[in-house]
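Heads up, the thing below is written out as structure tokens.
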Amino acid sequence: AQSVTQLGSHVSVSEGALVLLRCNYSSSVPPYLFWYVQYPNQGLQLLLKYTTGATLVKGINGFEAEFKKSETSFHLTKPSAHMSDAAEYFCAVTGSGGYNKLIFGAGTRLAVHP
Amino acid sequence: EAGVAQSPRYKIIEKRQSVAFWCNPISGHATLYWYQQILGQGPKLLIQFQNNGVVDDSQLPKDRFSAERLKGVDSTLKIQPAKLEDSAVYLCASSLDYTSYEQYFGPGTRLTVT
């Protein structure tokens, strides 16, 4: 069965610092991987996704993630944090069964301080 | 284009009462999802519709939860009777069809059961 582990439920960075949010997955089939962002009292918004092809994917708001099959990882990075990046971030993998069910990690809350 | 609409945004009920949530997906989206997001956890899929048919309800507590999408457009999720552990945010999402990997989320309904 597919699963997602996000290391660190809370991450705090200074404005302008590197953002690194960690995601490891397990999957019995080639995975499709996603990062979603959730701002307070809002639904989830897709940041980026990996399906096939280039393993470094770029998303919105300057975020990118790299699919590393050998490490079963899909870490999210941003070179320079902005105050507006403070939110909760969820990594997800497609489940089995052919209907693109998403399996989410528990989330990482990112705080950005001046 | 209009996003996924959900109502109500907030609901407080006592245990053993019933409650219903409504979702209107993005126009033209054939696939509709209901997720439960408990505080501190990632969203968990409850039920997935393709048009007006159910394709996955493996994690829906069928003794108390029900959902329908009668005309293949909007959907209703019902809980009867509610338990304390049902306190969560209920998210609705839609996608073009089940082959599409991009899901669009509504703002959610926050349910508190007292």
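Letters A, B, ... mark the chains of the structure tokens in the order given; residue numbers begin at 1 per chain; ligand numbers begin at 1, in order shown.
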Exercise. Which parts of chain B does DSSP call strand (DSSP E or B) when run on the backbone here, written out as a PyMOL selection string?
Worked result: chain B and resi 5-7+10-13+19-24+31-37+44-50+53-56+65-68+75-79+88-95+104-105+109-113
Problem set entry | Within 9 Å of B:Ile12 using only C-alpha atoms, minus same-chain residues under 2 positions, as a list of chain:residue names | B:Tyr10, B:Glu14, B:Arg110, B:Leu111, B:Thr112, B:Val113, B:Thr114
Could you save the residues just selected, with N, CA, C and O atoms, as a PDB file, in the first residue's frame?
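Written out: again07.pdb:
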ATOM      1  N   TYR B  10     -19.002  26.509   8.447  1.00  0.00           N
ATOM      2  CA  TYR B  10     -18.830  26.069   9.828  1.00  0.00           C
ATOM      3  C   TYR B  10     -20.150  25.481  10.323  1.00  0.00           C
ATOM      4  O   TYR B  10     -21.225  25.949   9.954  1.00  0.00           O
ATOM      5  N   GLU B  14     -24.466  18.783  18.349  1.00  0.00           N
ATOM      6  CA  GLU B  14     -24.245  17.895  19.484  1.00  0.00           C
ATOM      7  C   GLU B  14     -24.159  16.460  18.967  1.00  0.00           C
ATOM      8  O   GLU B  14     -24.714  16.130  17.907  1.00  0.00           O
ATOM      9  N   ARG B 110     -15.935  23.180   8.388  1.00  0.00           N
ATOM     10  CA  ARG B 110     -15.388  22.790   9.699  1.00  0.00           C
ATOM     11  C   ARG B 110     -16.520  22.354  10.596  1.00  0.00           C
ATOM     12  O   ARG B 110     -17.398  23.153  10.927  1.00  0.00           O
ATOM     13  N   LEU B 111     -16.522  21.074  10.975  1.00  0.00           N
ATOM     14  CA  LEU B 111     -17.555  20.506  11.835  1.00  0.00           C
ATOM     15  C   LEU B 111     -17.018  20.315  13.244  1.00  0.00           C
ATOM     16  O   LEU B 111     -15.959  19.707  13.429  1.00  0.00           O
ATOM     17  N   THR B 112     -17.762  20.822  14.211  1.00  0.00           N
ATOM     18  CA  THR B 112     -17.452  20.587  15.619  1.00  0.00           C
ATOM     19  C   THR B 112     -18.617  19.846  16.236  1.00  0.00           C
ATOM     20  O   THR B 112     -19.755  20.316  16.181  1.00  0.00           O
ATOM     21  N   VAL B 113     -18.319  18.676  16.803  1.00  0.00           N
ATOM     22  CA  VAL B 113     -19.334  17.874  17.481  1.00  0.00           C
ATOM     23  C   VAL B 113     -19.083  17.962  18.978  1.00  0.00           C
ATOM     24  O   VAL B 113     -17.977  17.638  19.441  1.00  0.00           O
ATOM     25  N   THR B 114     -20.079  18.424  19.732  1.00  0.00           N
ATOM     26  CA  THR B 114     -19.899  18.616  21.187  1.00  0.00           C
ATOM     27  C   THR B 114     -20.715  17.594  21.990  1.00  0.00           C
ATOM     28  O   THR B 114     -21.583  16.909  21.433  1.00  0.00           O
TER      29      THR B 114
END
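Minimum distance to A:Phe34 across A:Asn61, A:Thr51, A:Asn100, A:Ser14 (counting only C-alpha atoms) occurs at A:Thr51.
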For this session: Would you kindly report the residues of chain B within 9 Å of chain A, using only C-alpha atoms, as a PyMOL selection string?
Result: chain B and resi 40-45+48+55-56+91-93+98-108+110
Problem set entry | Distance query A:Lys78 at most 6 Å, only C-alpha atoms, self and fewer than 2 positions along chain excluded, as an MDAnalysis selection string | chainID A and resid 18:19 63 80
Written selection (all heavy atoms) as an mmCIF file, in the first residue's frame:
data_model
loop_
_atom_site.group_PDB
_atom_site.id
_atom_site.type_symbol
_atom_site.label_atom_id
_atom_site.label_comp_id
_atom_site.auth_asym_id
_atom_site.auth_seq_id
_atom_site.Cartn_x
_atom_site.Cartn_y
_atom_site.Cartn_z
ATOM 1 N N LEU A 18 16.643 29.474 3.155
ATOM 2 C CA LEU A 18 16.211 28.323 2.369
ATOM 3 C C LEU A 18 15.067 27.598 3.081
ATOM 4 O O LEU A 18 15.114 27.383 4.291
ATOM 5 C CB LEU A 18 17.389 27.370 2.172
ATOM 6 C CG LEU A 18 17.078 26.010 1.560
ATOM 7 C CD1 LEU A 18 16.759 26.160 0.082
ATOM 8 C CD2 LEU A 18 18.245 25.046 1.765
ATOM 9 N N VAL A 19 14.089 27.190 2.299
ATOM 10 C CA VAL A 19 13.013 26.345 2.808
ATOM 11 C C VAL A 19 13.245 24.917 2.309
ATOM 12 O O VAL A 19 13.464 24.697 1.101
ATOM 13 C CB VAL A 19 11.629 26.824 2.317
ATOM 14 C CG1 VAL A 19 10.541 25.853 2.766
ATOM 15 C CG2 VAL A 19 11.339 28.234 2.828
ATOM 16 N N PHE A 63 8.618 27.531 -5.722
ATOM 17 C CA PHE A 63 8.912 26.230 -5.131
ATOM 18 C C PHE A 63 9.334 25.227 -6.209
ATOM 19 O O PHE A 63 8.907 25.310 -7.352
ATOM 20 C CB PHE A 63 7.695 25.684 -4.386
ATOM 21 C CG PHE A 63 7.447 26.347 -3.064
ATOM 22 C CD1 PHE A 63 6.609 27.431 -2.959
ATOM 23 C CD2 PHE A 63 8.080 25.871 -1.914
ATOM 24 C CE1 PHE A 63 6.386 28.054 -1.744
ATOM 25 C CE2 PHE A 63 7.861 26.478 -0.682
ATOM 26 C CZ PHE A 63 7.012 27.575 -0.602
ATOM 27 N N SER A 80 14.523 31.126 -1.131
ATOM 28 C CA SER A 80 14.421 32.279 -0.243
ATOM 29 C C SER A 80 12.985 32.409 0.262
ATOM 30 O O SER A 80 12.067 32.681 -0.512
ATOM 31 C CB SER A 80 14.831 33.545 -0.990
ATOM 32 O OG SER A 80 14.672 34.689 -0.184
#
For this session: Just the residues within 9 Å of A:Leu21, please, counting only C-alpha atoms, with nothing from its chain fewer than 4 positions along; format it as a list in words.
Result: Gln6, Leu7, Gly8, Val11, His75, Leu76, Thr77, Tyr89, Thr108 and Leu110 of chain A
Just the selected residues (N, CA and C atoms), exported as a PDB file, in the first residue's frame, please.
ATOM      1  N   GLN A   6       6.050  12.695   6.166  1.00  0.00           N
ATOM      2  CA  GLN A   6       6.638  14.036   6.141  1.00  0.00           C
ATOM      3  C   GLN A   6       7.413  14.222   7.438  1.00  0.00           C
ATOM      4  N   LEU A   7       8.699  14.456   7.308  1.00  0.00           N
ATOM      5  CA  LEU A   7       9.574  14.592   8.471  1.00  0.00           C
ATOM      6  C   LEU A   7       9.494  16.018   9.000  1.00  0.00           C
ATOM      7  N   GLY A   8       9.051  16.144  10.241  1.00  0.00           N
ATOM      8  CA  GLY A   8       8.934  17.468  10.844  1.00  0.00           C
ATOM      9  C   GLY A   8       7.529  18.012  10.674  1.00  0.00           C
ATOM     10  N   VAL A  11       8.207  23.449  10.866  1.00  0.00           N
ATOM     11  CA  VAL A  11       9.493  23.962  10.416  1.00  0.00           C
ATOM     12  C   VAL A  11       9.445  25.481  10.512  1.00  0.00           C
ATOM     13  N   HIS A  75      11.424  15.897  -1.801  1.00  0.00           N
ATOM     14  CA  HIS A  75      11.543  17.043  -0.911  1.00  0.00           C
ATOM     15  C   HIS A  75      11.212  18.348  -1.634  1.00  0.00           C
ATOM     16  N   LEU A  76      10.586  19.247  -0.909  1.00  0.00           N
ATOM     17  CA  LEU A  76      10.173  20.545  -1.452  1.00  0.00           C
ATOM     18  C   LEU A  76      11.162  21.615  -0.998  1.00  0.00           C
ATOM     19  N   THR A  77      11.588  22.465  -1.931  1.00  0.00           N
ATOM     20  CA  THR A  77      12.534  23.521  -1.577  1.00  0.00           C
ATOM     21  C   THR A  77      12.123  24.852  -2.190  1.00  0.00           C
ATOM     22  N   TYR A  89       1.874  22.543   4.492  1.00  0.00           N
ATOM     23  CA  TYR A  89       2.242  21.899   3.232  1.00  0.00           C
ATOM     24  C   TYR A  89       2.039  20.393   3.346  1.00  0.00           C
ATOM     25  N   THR A 108       3.255  19.525   7.077  1.00  0.00           N
ATOM     26  CA  THR A 108       4.303  20.279   7.768  1.00  0.00           C
ATOM     27  C   THR A 108       3.875  21.735   7.804  1.00  0.00           C
ATOM     28  N   LEU A 110       4.776  25.417   8.105  1.00  0.00           N
ATOM     29  CA  LEU A 110       5.938  26.288   7.902  1.00  0.00           C
ATOM     30  C   LEU A 110       5.670  27.650   8.515  1.00  0.00           C
TER      31      LEU A 110
END
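Proximity to B:Asp57 at 10 Å, evaluated using only C-alpha atoms and with sequence-adjacent residues fewer than 6 positions away removed, yields B:Tyr33, B:Trp34, B:Leu45, B:Leu46, B:Ile47, B:Gln48, B:Phe49, B:Ser66, B:Ala67.
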Problem set entry | Who sits within 12 Å of A:His113, only C-alpha atoms, same chain under 3 positions skipped, as a PyMOL selection string | chain A and resi 11-17+81-86+110
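Assigned to helix (DSSP H, G or I) in chain A, given DSSP computed from backbone atoms, are Ile60, Asn61, Gly62, Lys69, Ser70, Glu71, Met83, Ser84 and Asp85 of chain A.
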Put those residues in a file: C-alpha atoms, as a short mmCIF file (atom, residue, chain, number, x, y, z; two decimals), in the first residue's frame.
data_model
loop_
_atom_site.label_atom_id
_atom_site.label_comp_id
_atom_site.auth_asym_id
_atom_site.auth_seq_id
_atom_site.Cartn_x
_atom_site.Cartn_y
_atom_site.Cartn_z
CA ILE A 60 4.16 28.07 -8.31
CA ASN A 61 5.54 30.73 -5.96
CA GLY A 62 9.17 29.74 -6.60
CA LYS A 69 13.67 7.15 -6.78
CA SER A 70 16.70 5.64 -5.04
CA GLU A 71 15.87 7.57 -1.88
CA MET A 83 6.49 35.82 4.91
CA SER A 84 3.60 34.85 2.63
CA ASP A 85 4.93 31.28 2.46
#
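One distance worth recording is that between atom CA of B:Leu32 and atom CA of B:Ser75, which is 8.1 Å.
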